[in-house]
Amino acid sequence: MATETATPTDVSTDTANWKAGVAGGLVGGLVFGAMMSIMTPGVLQMGIPAMYGIEGPAGTVGWTIHVSHGAVIGVGFAAIGDLKPDLGGSVGTSLGVGAGYGLLVWAALAVIVMPIWLGAVGFPGAPPLPNVGVESLVGHAVYGTVLGGVYAALAN
């Protein structure tokens, strides 16, 4: 009969990268939200709240949800930073990876997930699937670039 003994593992308690990801996501979400307010009026007030069953106009709620999404997505960027520790060490690299990350987020979440989600909750203004829009693409790229810049400034 074999016995196993659990041994403690080394778990890092350094949270700087995760905090940098959240901060970058918040700032990126604010910048992208400002762009959305100008380029695609109504999305923050109607579409974003509708994803959670909130009937609009609900601008403050939409902004809060949008910026919260940005923070959560920023944590995903920090996970990439943990896999590639030098990401925060080079501003140029972080900006470029951030822009690419923003485009991946756009392709997955804005193009595919959001129209399915809004259709599933019965939102009458749900965009078509796929939801390919230049404004959204540019906004997500800017979000990712801002996220990468803030991350580079705060990580490590």
# chains A, B, ... in the order shown; residues from 1 in each chain; ligands from 1

$ residues_around --residues "A:Gly92" --least-positions-apart "5" --cutoff "9 Å" --atoms "only C-alpha atoms" --output "PyMOL selection string"
chain A and resi 97+148-149+152

$ residues_around --residues "A:Gly21" --least-positions-apart "6" --cutoff "6 Å" --atoms "only C-alpha atoms" --output "list in words"
Gly74, Val75, Ala78 and Tyr151 of chain A

$ residues_around --residues "A:Thr64" --least-positions-apart "5" --cutoff "10 Å" --atoms "only C-alpha atoms" --output "count of residues only"
8

$ closest_residue --among "A:Pro115, A:Gly139, A:Gly28, A:Gly144" --to "A:Ser68" --atoms "only C-alpha atoms"
A:Gly28

$ closest_residue --among "A:Ser136, A:Thr145, A:Thr15, A:Asn131" --to "A:Met36" --atoms "only C-alpha atoms"
A:Ser136

$ select_by_dssp --residues "stretch 66-132 of chain A" --states "alpha helix (DSSP H)" --output "ChimeraX atom specification"
/A:66-83,91-105,114-120

$ closest_residue --among "A:Gly88, A:Gly24, A:Gly119, A:Pro130" --to "A:Ala71" --atoms "only C-alpha atoms"
A:Gly24

$ residues_around --residues "A:Val142" --least-positions-apart "5" --cutoff "9 Å" --atoms "only C-alpha atoms" --output "list of chain:residue names"
A:Gly28, A:Val31, A:Phe32, A:Gly98, A:Ala99, A:Gly102, A:Leu137, A:Leu147

$ closest_residue --among "A:Pro57, A:Gly81, A:Gly47, A:Gly62" --to "A:Gly122" --atoms "only C-alpha atoms"
A:Gly47

$ closest_residue --among "A:Ala141, A:Val132, A:Ala20, A:Leu154" --to "A:Val111" --atoms "only C-alpha atoms"
A:Val132

$ closest_residue --among "A:Ile73, A:Val91, A:Val134, A:Leu83" --to "A:Leu109" --atoms "only C-alpha atoms"
A:Ile73

$ atom_distance --atom1 "atom CA of A:Ala50" --atom2 "atom CA of A:Phe123"
6.4 Å
